[in-house]
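Enquirer: To start, I am sharing the structure in question, which I have written as structure tokens.
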Amino acid sequence: MRVLAFLDGTLGDPSQPYVRVDNTGVLRGDGIFETVLVVDGKPRELGPHLDRLAKSAAMLDLPEPDLELWEQAAQQVIDNWEGSSEIAVKLVATRGSEGDPDAEPFGYALGMEIDEKVKRARTEGIGVVTLDRGFGPDVAERAPWLLLGAKTLSYAVNLAALREAGRRGADDVIFTATDGSVLEGPTSTVLVAKGRTLYTPPPTVGILPGTTQRSVFRAAEAAGWTVKMEPVPGGELAMADGVFLASSVRKVTRVHTLDGVALADSTAVHAELCEAYEAQYA
Ligand SMILES: Cc1ncc(COP(=O)(O)O)c(C=O)c1O
């Protein structure tokens, strides 16, 4: 099941081609996207996703997106969906056609089913490997043109890291900086529980600010947790009471194994955080 909606309010046929071969998104990955989770017809964190879309657009010097049109396109997808109760709605925008002076930015919303493997991982947990991203934690400030805090379409590196995880017998990745500190997953934010405190690294270390992380922090804080956004030394992962990868489609997924070594059993902490997170949307 797939539903495609354009920004002019029309629906498309997702099995048909609409993207020109000279589109900058195809030629150079020069564009931005968001993935919004929709459960039972209700989008989660749509406002923060749209805000981040606008921020990514600004970082790439793309025209300011008309967020009302994007919201309408997402709603069109939801209104025409006949699949399962959960939808991953991708909002995709590229600069347009390369070398065409009249090129308009190109954008669409595409609703897709969520991968069964992702859904299974929510309950079964995952094994993760740490991989060096090769940058220091100050890179975002020193080299903002690397666009580390933007959600760009250039995900080839992220996907390569996931394949490397597969070669090492793991399901996912936690990137580390050259000083060993924790960054993020290729498609997720890292959350670390120690006692009743939840940690995540700050976006200033060169990571994407996560909408799910923000939501989980809000819920955890309301449930009596202390939440801290601060640098997380790599050594903290093995000693934590819980390590989780958070993202819109995976929600909060428990890491049970890190670099081949079993972590502390975090099933109870995981259950508590998931309950608090879900309760916000009940
Ligand atoms: C690099 C990266 N970090 C973090 C996230 C999590 O963001 P969100 O919780 O807003 O889905 C994603 C989502 O795909 C991502 O690609």
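If you're wondering about the labels, chains in the structure tokens are A, B, ... by order shown, residues count from 1 in each chain, ligands from 1 in order shown.
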Excluding stretch 20-32 of chain A and its own-chain neighbours fewer than 3 positions away, which residues fall within 7 Å of it when counting only C-alpha atoms? Please give them as a list in words.
Expert: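 Neighbouring residues, sequence-local ones excluded: Ser56, Ala57, Val92, Ala93, Thr94, Arg95, Gly96, Ser97, Glu98, Lys151, Thr152, Leu153 and Ser154 of chain A.
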Enquirer: Using N, CA and C atoms, can you write the selected residues to a file as a compact mmCIF listing (two decimals), in the first residue's frame?
Expert:
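Result file is selection.txt:
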```
# COMPACT_ATOMS: atom_id res chain seq x y z
N SER A 56 15.95 22.45 7.69
CA SER A 56 16.82 21.78 6.70
C SER A 56 16.85 22.59 5.41
N ALA A 57 15.68 23.09 4.97
CA ALA A 57 15.60 23.88 3.75
C ALA A 57 16.50 25.11 3.87
N VAL A 92 9.24 14.76 0.88
CA VAL A 92 10.50 14.82 0.12
C VAL A 92 10.53 16.10 -0.70
N ALA A 93 11.63 16.84 -0.63
CA ALA A 93 11.76 18.06 -1.42
C ALA A 93 13.16 18.13 -2.02
N THR A 94 13.24 18.39 -3.32
CA THR A 94 14.55 18.56 -3.96
C THR A 94 14.60 19.95 -4.61
N ARG A 95 15.82 20.33 -5.00
CA ARG A 95 16.00 21.68 -5.55
C ARG A 95 15.29 21.81 -6.90
N GLY A 96 15.13 20.72 -7.62
CA GLY A 96 14.46 20.77 -8.92
C GLY A 96 15.33 20.14 -9.98
N SER A 97 15.31 20.68 -11.18
CA SER A 97 16.06 20.09 -12.28
C SER A 97 17.36 20.83 -12.52
N GLU A 98 18.45 20.08 -12.59
CA GLU A 98 19.76 20.69 -12.71
C GLU A 98 19.92 21.39 -14.06
N LYS A 151 18.38 17.28 7.60
CA LYS A 151 17.92 15.96 7.17
C LYS A 151 17.92 15.96 5.64
N THR A 152 19.10 15.71 5.08
CA THR A 152 19.24 15.78 3.62
C THR A 152 18.99 14.41 3.00
N LEU A 153 18.81 14.42 1.68
CA LEU A 153 18.58 13.16 0.96
C LEU A 153 19.88 12.37 0.78
N SER A 154 21.02 12.94 1.20
CA SER A 154 22.31 12.25 1.01
C SER A 154 22.52 11.23 2.11
```
Enquirer: Would you tabulate, counting only C-alpha atoms, all residues of stretch 52-162 of chain A that have an atom at most 12 Å from an atom of stretch 180-197 of chain A, showing the closest pair of atoms and their distance in Å to one decimal, sorted by chain then ascending number, as a tab-separated table?
Expert:
```
residue	atom	partner	partner_atom	distance
A:Val118	CA	A:Thr187	CA	11.8
A:Val128	CA	A:Gly185	CA	9.4
A:Val129	CA	A:Gly185	CA	9.9
A:Thr130	CA	A:Val182	CA	8.7
A:Leu131	CA	A:Gly185	CA	9.5
A:Asp132	CA	A:Gly180	CA	7.7
A:Arg133	CA	A:Leu183	CA	8.6
A:Gly134	CA	A:Gly180	CA	9.9
A:Phe135	CA	A:Gly180	CA	10.0
A:Gly136	CA	A:Gly180	CA	8.8
A:Pro137	CA	A:Ser181	CA	7.6
A:Asp138	CA	A:Ser181	CA	11.3
A:Val139	CA	A:Leu183	CA	11.6
A:Ala140	CA	A:Leu183	CA	11.7
A:Leu148	CA	A:Leu183	CA	10.9
A:Gly149	CA	A:Glu184	CA	11.1
A:Lys151	CA	A:Thr187	CA	9.9
A:Thr152	CA	A:Thr187	CA	11.7
A:Leu153	CA	A:Thr187	CA	11.9
A:Ser154	CA	A:Pro186	CA	11.5
A:Tyr155	CA	A:Pro186	CA	8.3
A:Ala156	CA	A:Pro186	CA	10.0
A:Val157	CA	A:Pro186	CA	8.2
A:Asn158	CA	A:Pro186	CA	4.7
A:Leu159	CA	A:Pro186	CA	7.2
A:Ala160	CA	A:Pro186	CA	9.2
A:Ala161	CA	A:Pro186	CA	7.1
A:Leu162	CA	A:Pro186	CA	7.2
```
Enquirer: Could you turn the residues from that selection into a file that holds N, CA and C atoms, as a short mmCIF file (atom, residue, chain, number, x, y, z; two decimals), in the first residue's frame?
Expert:
```
data_model
loop_
_atom_site.label_atom_id
_atom_site.label_comp_id
_atom_site.auth_asym_id
_atom_site.auth_seq_id
_atom_site.Cartn_x
_atom_site.Cartn_y
_atom_site.Cartn_z
N VAL A 118 11.33 -3.57 11.21
CA VAL A 118 11.37 -2.41 12.12
C VAL A 118 10.36 -2.62 13.25
N VAL A 128 23.68 -3.82 18.12
CA VAL A 128 24.23 -2.61 17.50
C VAL A 128 25.75 -2.67 17.54
N VAL A 129 26.39 -2.11 16.51
CA VAL A 129 27.85 -1.93 16.57
C VAL A 129 28.14 -0.43 16.59
N THR A 130 29.23 -0.05 17.27
CA THR A 130 29.68 1.34 17.20
C THR A 130 30.60 1.48 16.01
N LEU A 131 30.44 2.55 15.25
CA LEU A 131 31.31 2.83 14.11
C LEU A 131 31.80 4.27 14.20
N ASP A 132 33.08 4.45 13.96
CA ASP A 132 33.70 5.78 13.99
C ASP A 132 33.22 6.59 12.79
N ARG A 133 32.65 7.78 13.05
CA ARG A 133 32.22 8.61 11.92
C ARG A 133 33.38 9.44 11.37
N GLY A 134 34.50 9.45 12.10
CA GLY A 134 35.70 10.11 11.57
C GLY A 134 35.74 11.61 11.81
N PHE A 135 34.78 12.15 12.53
CA PHE A 135 34.75 13.59 12.83
C PHE A 135 34.89 13.79 14.34
N GLY A 136 35.42 14.95 14.72
CA GLY A 136 35.40 15.33 16.12
C GLY A 136 34.03 15.87 16.49
N PRO A 137 33.74 15.99 17.79
CA PRO A 137 32.42 16.46 18.21
C PRO A 137 32.21 17.96 17.96
N ASP A 138 33.28 18.65 17.47
CA ASP A 138 33.14 20.09 17.20
C ASP A 138 32.94 20.37 15.71
N VAL A 139 32.73 19.30 14.92
CA VAL A 139 32.72 19.47 13.47
C VAL A 139 31.55 20.33 12.97
N ALA A 140 30.41 20.25 13.64
CA ALA A 140 29.24 21.01 13.17
C ALA A 140 29.54 22.50 13.20
N LEU A 148 25.52 18.68 8.96
CA LEU A 148 25.26 17.53 9.82
C LEU A 148 23.94 17.59 10.57
N GLY A 149 23.43 18.79 10.81
CA GLY A 149 22.15 18.87 11.53
C GLY A 149 20.94 18.95 10.61
N LYS A 151 18.38 17.28 7.60
CA LYS A 151 17.92 15.96 7.17
C LYS A 151 17.92 15.96 5.64
N THR A 152 19.10 15.71 5.08
CA THR A 152 19.24 15.78 3.62
C THR A 152 18.99 14.41 3.00
N LEU A 153 18.81 14.42 1.68
CA LEU A 153 18.58 13.16 0.96
C LEU A 153 19.88 12.37 0.78
N SER A 154 21.02 12.94 1.20
CA SER A 154 22.31 12.25 1.01
C SER A 154 22.52 11.23 2.11
N TYR A 155 21.89 10.10 1.99
CA TYR A 155 21.97 9.06 3.03
C TYR A 155 22.81 7.86 2.62
N ALA A 156 23.63 8.01 1.55
CA ALA A 156 24.44 6.88 1.10
C ALA A 156 25.39 6.41 2.21
N VAL A 157 25.97 7.37 2.95
CA VAL A 157 26.90 7.02 4.03
C VAL A 157 26.15 6.27 5.14
N ASN A 158 24.96 6.78 5.46
CA ASN A 158 24.17 6.15 6.53
C ASN A 158 23.82 4.71 6.15
N LEU A 159 23.45 4.50 4.87
CA LEU A 159 23.07 3.15 4.44
C LEU A 159 24.30 2.25 4.38
N ALA A 160 25.46 2.81 4.01
CA ALA A 160 26.70 2.02 3.99
C ALA A 160 27.03 1.54 5.40
N ALA A 161 26.81 2.42 6.38
CA ALA A 161 27.09 2.05 7.78
C ALA A 161 26.16 0.91 8.21
N LEU A 162 24.91 0.96 7.77
CA LEU A 162 23.97 -0.12 8.13
C LEU A 162 24.39 -1.44 7.48
#
```
Enquirer: Name the residues of stretch 49-132 of chain A that fall into alpha helix (DSSP H) according to DSSP on the backbone, using the chain letters and numbers of this document, as a PyMOL selection string.
Expert: chain A and resi 49-59+67-79+116-124
Enquirer: Those same residues, written as a tab-separated table (two decimals), in the first residue's frame with N, CA and C atoms?
Expert:
```tsv
chain	number	residue	atom	x	y	z
A	49	HIS	N	8.22	18.02	12.95
A	49	HIS	CA	8.74	17.54	11.66
A	49	HIS	C	8.73	18.67	10.63
A	50	LEU	N	7.64	19.45	10.59
A	50	LEU	CA	7.55	20.54	9.61
A	50	LEU	C	8.58	21.63	9.94
A	51	ASP	N	8.75	21.90	11.24
A	51	ASP	CA	9.77	22.89	11.64
A	51	ASP	C	11.16	22.45	11.18
A	52	ARG	N	11.42	21.14	11.35
A	52	ARG	CA	12.74	20.64	10.96
A	52	ARG	C	12.91	20.67	9.44
A	53	LEU	N	11.80	20.42	8.71
A	53	LEU	CA	11.85	20.51	7.24
A	53	LEU	C	12.27	21.93	6.84
A	54	ALA	N	11.67	22.91	7.51
A	54	ALA	CA	11.99	24.32	7.20
A	54	ALA	C	13.45	24.63	7.56
A	55	LYS	N	13.91	24.07	8.67
A	55	LYS	CA	15.29	24.32	9.10
A	55	LYS	C	16.28	23.68	8.11
A	56	SER	N	15.95	22.45	7.69
A	56	SER	CA	16.82	21.78	6.70
A	56	SER	C	16.85	22.59	5.41
A	57	ALA	N	15.68	23.09	4.97
A	57	ALA	CA	15.60	23.88	3.75
A	57	ALA	C	16.50	25.11	3.87
A	58	ALA	N	16.45	25.77	5.02
A	58	ALA	CA	17.27	26.98	5.22
A	58	ALA	C	18.75	26.61	5.16
A	59	MET	N	19.12	25.48	5.77
A	59	MET	CA	20.54	25.09	5.78
A	59	MET	C	21.06	24.78	4.38
A	67	LEU	N	4.61	25.49	4.75
A	67	LEU	CA	4.31	24.36	5.65
A	67	LEU	C	2.84	23.97	5.62
A	68	GLU	N	1.97	24.95	5.28
A	68	GLU	CA	0.55	24.62	5.18
A	68	GLU	C	0.31	23.63	4.04
A	69	LEU	N	1.01	23.84	2.92
A	69	LEU	CA	0.86	22.92	1.78
A	69	LEU	C	1.41	21.53	2.13
A	70	TRP	N	2.51	21.51	2.86
A	70	TRP	CA	3.08	20.21	3.25
A	70	TRP	C	2.14	19.47	4.20
A	71	GLU	N	1.54	20.23	5.11
A	71	GLU	CA	0.60	19.60	6.04
A	71	GLU	C	-0.60	19.04	5.28
A	72	GLN	N	-1.08	19.83	4.31
A	72	GLN	CA	-2.22	19.36	3.50
A	72	GLN	C	-1.86	18.09	2.72
A	73	ALA	N	-0.64	18.06	2.17
A	73	ALA	CA	-0.22	16.89	1.40
A	73	ALA	C	-0.15	15.65	2.31
A	74	ALA	N	0.37	15.85	3.53
A	74	ALA	CA	0.43	14.73	4.48
A	74	ALA	C	-0.99	14.26	4.81
A	75	GLN	N	-1.89	15.21	4.98
A	75	GLN	CA	-3.28	14.86	5.31
A	75	GLN	C	-3.95	14.13	4.14
A	76	GLN	N	-3.64	14.53	2.93
A	76	GLN	CA	-4.16	13.86	1.73
A	76	GLN	C	-3.78	12.37	1.75
A	77	VAL	N	-2.51	12.13	2.12
A	77	VAL	CA	-2.03	10.74	2.19
A	77	VAL	C	-2.85	9.98	3.25
A	78	ILE	N	-3.01	10.61	4.41
A	78	ILE	CA	-3.73	9.95	5.51
A	78	ILE	C	-5.18	9.68	5.09
A	79	ASP	N	-5.82	10.66	4.46
A	79	ASP	CA	-7.23	10.53	4.08
A	79	ASP	C	-7.45	9.44	3.03
A	116	GLU	N	8.26	-4.72	8.36
A	116	GLU	CA	7.99	-5.68	9.45
A	116	GLU	C	9.19	-5.82	10.38
A	117	LYS	N	10.39	-5.76	9.79
A	117	LYS	CA	11.62	-5.91	10.59
A	117	LYS	C	11.71	-4.77	11.63
A	118	VAL	N	11.33	-3.57	11.21
A	118	VAL	CA	11.37	-2.41	12.12
A	118	VAL	C	10.36	-2.62	13.25
A	119	LYS	N	9.17	-3.13	12.88
A	119	LYS	CA	8.12	-3.35	13.90
A	119	LYS	C	8.56	-4.44	14.88
A	120	ARG	N	9.17	-5.50	14.34
A	120	ARG	CA	9.62	-6.61	15.20
A	120	ARG	C	10.68	-6.12	16.19
A	121	ALA	N	11.57	-5.27	15.71
A	121	ALA	CA	12.67	-4.77	16.56
A	121	ALA	C	12.14	-3.97	17.75
A	122	ARG	N	10.96	-3.35	17.57
A	122	ARG	CA	10.40	-2.59	18.70
A	122	ARG	C	10.16	-3.48	19.90
A	123	THR	N	9.79	-4.73	19.65
A	123	THR	CA	9.53	-5.62	20.78
A	123	THR	C	10.73	-6.51	21.10
A	124	GLU	N	11.47	-6.93	20.07
A	124	GLU	CA	12.56	-7.89	20.32
A	124	GLU	C	13.89	-7.23	20.67
```
Enquirer: Between atom CA of A:Ala143 and atom CA of A:Val205, what distance in Å does the model show, to one decimal?
Expert: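 Going from atom CA of A:Ala143 over to atom CA of A:Val205 covers 11.5 Å.
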Enquirer: Which residues in stretch 21-219 of chain A does DSSP call strand (DSSP E or B)? List them as a compact mmCIF listing (two decimals) with N, CA, C and O atoms, in the first residue's frame.
Expert:
```txt
# COMPACT_ATOMS: atom_id res chain seq x y z
N ASN A 23 16.70 15.55 -12.10
CA ASN A 23 16.35 16.10 -10.79
C ASN A 23 17.58 16.07 -9.87
O ASN A 23 18.27 15.06 -9.79
N GLY A 31 18.67 17.58 -1.63
CA GLY A 31 17.29 17.79 -1.21
C GLY A 31 17.15 17.40 0.25
O GLY A 31 18.13 17.09 0.92
N ILE A 32 15.93 17.46 0.71
CA ILE A 32 15.67 17.22 2.14
C ILE A 32 14.44 16.32 2.29
O ILE A 32 13.66 16.16 1.35
N PHE A 33 14.29 15.73 3.46
CA PHE A 33 13.10 14.91 3.69
C PHE A 33 12.76 14.85 5.17
O PHE A 33 13.55 15.23 6.03
N GLU A 34 11.59 14.33 5.44
CA GLU A 34 11.14 14.01 6.79
C GLU A 34 10.39 12.69 6.69
O GLU A 34 9.83 12.35 5.64
N THR A 35 10.36 11.93 7.77
CA THR A 35 9.51 10.75 7.83
C THR A 35 8.63 10.89 9.06
O THR A 35 9.14 10.94 10.19
N VAL A 36 7.34 10.98 8.83
CA VAL A 36 6.38 11.22 9.91
C VAL A 36 5.62 9.92 10.18
O VAL A 36 5.13 9.28 9.25
N LEU A 37 5.52 9.55 11.45
CA LEU A 37 4.72 8.37 11.81
C LEU A 37 3.26 8.78 11.99
O LEU A 37 2.97 9.77 12.68
N VAL A 38 2.37 8.01 11.37
CA VAL A 38 0.94 8.23 11.55
C VAL A 38 0.36 6.96 12.17
O VAL A 38 0.60 5.86 11.66
N VAL A 39 -0.35 7.10 13.28
CA VAL A 39 -0.96 5.94 13.93
C VAL A 39 -2.47 6.18 14.02
O VAL A 39 -2.90 7.21 14.56
N LYS A 42 -3.65 9.52 12.97
CA LYS A 42 -3.13 10.73 13.63
C LYS A 42 -1.62 10.84 13.46
O LYS A 42 -0.88 9.96 13.91
N PRO A 43 -1.17 11.93 12.83
CA PRO A 43 0.28 12.11 12.71
C PRO A 43 0.92 12.46 14.04
O PRO A 43 0.32 13.20 14.83
N GLU A 86 -0.59 1.85 10.93
CA GLU A 86 0.55 2.77 10.99
C GLU A 86 1.06 3.09 9.59
O GLU A 86 1.19 2.19 8.76
N ILE A 87 1.35 4.35 9.36
CA ILE A 87 1.89 4.79 8.07
C ILE A 87 3.20 5.54 8.32
O ILE A 87 3.29 6.30 9.28
N ALA A 88 4.17 5.30 7.45
CA ALA A 88 5.35 6.18 7.41
C ALA A 88 5.12 7.15 6.27
O ALA A 88 5.06 6.74 5.10
N VAL A 89 4.91 8.42 6.59
CA VAL A 89 4.69 9.42 5.53
C VAL A 89 5.99 10.18 5.30
O VAL A 89 6.48 10.88 6.20
N LYS A 90 6.54 9.99 4.11
CA LYS A 90 7.77 10.71 3.76
C LYS A 90 7.42 12.02 3.09
O LYS A 90 6.57 12.05 2.18
N LEU A 91 8.03 13.10 3.54
CA LEU A 91 7.92 14.40 2.88
C LEU A 91 9.26 14.63 2.20
O LEU A 91 10.30 14.64 2.87
N VAL A 92 9.24 14.76 0.88
CA VAL A 92 10.50 14.82 0.12
C VAL A 92 10.53 16.10 -0.70
O VAL A 92 9.55 16.41 -1.40
N ALA A 93 11.63 16.84 -0.63
CA ALA A 93 11.76 18.06 -1.42
C ALA A 93 13.16 18.13 -2.02
O ALA A 93 14.15 17.91 -1.32
N THR A 94 13.24 18.39 -3.32
CA THR A 94 14.55 18.56 -3.96
C THR A 94 14.60 19.95 -4.61
O THR A 94 13.59 20.61 -4.76
N SER A 97 15.31 20.68 -11.18
CA SER A 97 16.06 20.09 -12.28
C SER A 97 17.36 20.83 -12.52
O SER A 97 17.36 22.06 -12.62
N PHE A 106 10.92 20.60 -6.23
CA PHE A 106 10.01 19.48 -6.47
C PHE A 106 9.73 18.80 -5.14
O PHE A 106 10.66 18.55 -4.37
N GLY A 107 8.46 18.56 -4.84
CA GLY A 107 8.17 17.94 -3.55
C GLY A 107 6.93 17.08 -3.58
O GLY A 107 6.04 17.27 -4.42
N TYR A 108 6.88 16.13 -2.66
CA TYR A 108 5.71 15.26 -2.56
C TYR A 108 5.66 14.62 -1.18
O TYR A 108 6.66 14.58 -0.46
N ALA A 109 4.50 14.09 -0.85
CA ALA A 109 4.33 13.28 0.36
C ALA A 109 3.99 11.86 -0.08
O ALA A 109 3.14 11.67 -0.95
N LEU A 110 4.68 10.90 0.48
CA LEU A 110 4.48 9.50 0.09
C LEU A 110 4.23 8.66 1.33
O LEU A 110 5.08 8.58 2.22
N GLY A 111 3.05 8.05 1.40
CA GLY A 111 2.73 7.17 2.52
C GLY A 111 3.14 5.75 2.20
O GLY A 111 2.86 5.25 1.10
N MET A 112 3.81 5.11 3.15
CA MET A 112 4.28 3.74 2.94
C MET A 112 4.03 2.89 4.18
O MET A 112 3.98 3.42 5.29
N ILE A 126 17.46 -4.95 19.47
CA ILE A 126 18.43 -5.07 18.38
C ILE A 126 19.86 -5.16 18.90
O ILE A 126 20.15 -4.71 20.01
N GLY A 127 20.72 -5.72 18.05
CA GLY A 127 22.16 -5.69 18.30
C GLY A 127 22.75 -4.54 17.50
O GLY A 127 22.37 -4.31 16.35
N VAL A 128 23.68 -3.82 18.12
CA VAL A 128 24.23 -2.61 17.50
C VAL A 128 25.75 -2.67 17.54
O VAL A 128 26.33 -3.22 18.48
N VAL A 129 26.39 -2.11 16.51
CA VAL A 129 27.85 -1.93 16.57
C VAL A 129 28.14 -0.43 16.59
O VAL A 129 27.39 0.37 16.02
N THR A 130 29.23 -0.05 17.27
CA THR A 130 29.68 1.34 17.20
C THR A 130 30.60 1.48 16.01
O THR A 130 31.44 0.61 15.75
N LEU A 131 30.44 2.55 15.25
CA LEU A 131 31.31 2.83 14.11
C LEU A 131 31.80 4.27 14.20
O LEU A 131 31.01 5.17 14.49
N ASP A 132 33.08 4.45 13.96
CA ASP A 132 33.70 5.78 13.99
C ASP A 132 33.22 6.59 12.79
O ASP A 132 33.35 6.14 11.65
N THR A 152 19.10 15.71 5.08
CA THR A 152 19.24 15.78 3.62
C THR A 152 18.99 14.41 3.00
O THR A 152 19.00 13.38 3.68
N ASP A 172 22.08 -2.63 13.66
CA ASP A 172 22.11 -1.18 13.53
C ASP A 172 23.45 -0.65 14.03
O ASP A 172 24.32 -1.43 14.45
N VAL A 173 23.56 0.68 14.02
CA VAL A 173 24.85 1.34 14.27
C VAL A 173 24.67 2.48 15.26
O VAL A 173 23.64 3.16 15.24
N ILE A 174 25.66 2.68 16.12
CA ILE A 174 25.80 3.95 16.84
C ILE A 174 27.11 4.57 16.37
O ILE A 174 28.18 3.98 16.53
N PHE A 175 27.01 5.74 15.75
CA PHE A 175 28.21 6.45 15.31
C PHE A 175 28.88 7.07 16.52
O PHE A 175 28.21 7.61 17.41
N THR A 176 30.23 7.05 16.52
CA THR A 176 30.99 7.75 17.55
C THR A 176 31.87 8.80 16.89
O THR A 176 32.25 8.67 15.73
N VAL A 182 29.52 9.51 21.96
CA VAL A 182 28.36 8.99 21.23
C VAL A 182 27.76 10.08 20.34
O VAL A 182 27.58 11.22 20.79
N GLY A 185 22.51 7.25 15.61
CA GLY A 185 22.43 6.14 14.67
C GLY A 185 22.31 6.71 13.26
O GLY A 185 22.03 7.91 13.09
N SER A 188 18.63 7.32 13.51
CA SER A 188 18.01 7.37 14.85
C SER A 188 18.82 8.22 15.82
O SER A 188 19.97 8.53 15.56
N THR A 189 18.19 8.54 16.94
CA THR A 189 18.85 9.26 18.03
C THR A 189 19.16 8.24 19.13
O THR A 189 18.36 7.33 19.37
N VAL A 190 20.28 8.43 19.81
CA VAL A 190 20.67 7.50 20.89
C VAL A 190 20.18 8.06 22.23
O VAL A 190 20.43 9.22 22.55
N LEU A 191 19.51 7.21 22.99
CA LEU A 191 19.08 7.55 24.35
C LEU A 191 19.78 6.58 25.31
O LEU A 191 19.85 5.38 25.04
N VAL A 192 20.26 7.12 26.42
CA VAL A 192 20.97 6.29 27.39
C VAL A 192 20.32 6.50 28.75
O VAL A 192 20.17 7.65 29.20
N ALA A 193 19.94 5.39 29.42
CA ALA A 193 19.34 5.48 30.76
C ALA A 193 20.37 5.06 31.80
O ALA A 193 21.04 4.03 31.65
N LYS A 194 20.50 5.92 32.85
CA LYS A 194 21.33 5.56 34.00
C LYS A 194 20.53 5.90 35.23
O LYS A 194 20.23 7.08 35.46
N THR A 197 17.83 8.76 35.19
CA THR A 197 18.21 9.86 34.31
C THR A 197 18.37 9.35 32.88
O THR A 197 18.94 8.28 32.65
N LEU A 198 17.83 10.15 31.96
CA LEU A 198 17.90 9.80 30.53
C LEU A 198 18.80 10.83 29.85
O LEU A 198 18.61 12.03 30.02
N TYR A 199 19.79 10.31 29.11
CA TYR A 199 20.76 11.19 28.44
C TYR A 199 20.63 11.06 26.92
O TYR A 199 20.31 9.99 26.40
N THR A 200 20.95 12.16 26.23
CA THR A 200 21.14 12.10 24.78
C THR A 200 22.16 13.18 24.42
O THR A 200 22.21 14.23 25.09
```
Enquirer: Nearest to ligand 1 among A:Thr253, A:Ser266, A:Thr226, A:Thr211, with distances taken over only C-alpha atoms and all ligand atoms: which residue is it?
Expert: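 For ligand 1, the nearest of the given residues is A:Thr211.
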Enquirer: Which residue out of A:Val216, A:Leu62, A:Val255, A:Ala222 has the minimum interatomic distance to ligand 1 when only C-alpha atoms and all ligand atoms are used?
Expert: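 Nearest to ligand 1: A:Val216.
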Enquirer: Taking into account only C-alpha atoms, which residue in the set A:Tyr18, A:Ser215, A:Ala276, A:Leu4 is nearest to A:Leu46?
Expert: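 Looking only at the distances to A:Leu46, the closest residue turns out to be A:Ser215.
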Enquirer: How far is it from atom CA of A:Asp40 to atom 13 (C, counted along the ligand's line) of ligand 1, in Å with one decimal?
Expert: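 Going from atom CA of A:Asp40 over to atom 13 (C, counted along the ligand's line) of ligand 1 covers 20.7 Å.
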Enquirer: What separation in Å, quoted to one decimal, exists between atom CA of A:Glu164 and atom CA of A:Gly260?
Expert: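 According to the coordinates, atom CA of A:Glu164 and atom CA of A:Gly260 are separated by 13.9 Å.
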Enquirer: Counting only C-alpha atoms and all ligand atoms, figure out which residue out of A:Thr204, A:Gln213, A:Thr178, A:Asn80 gets nearest to ligand 1.
Expert: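 Using only C-alpha atoms and all ligand atoms, ligand 1 sits closest to A:Gln213.
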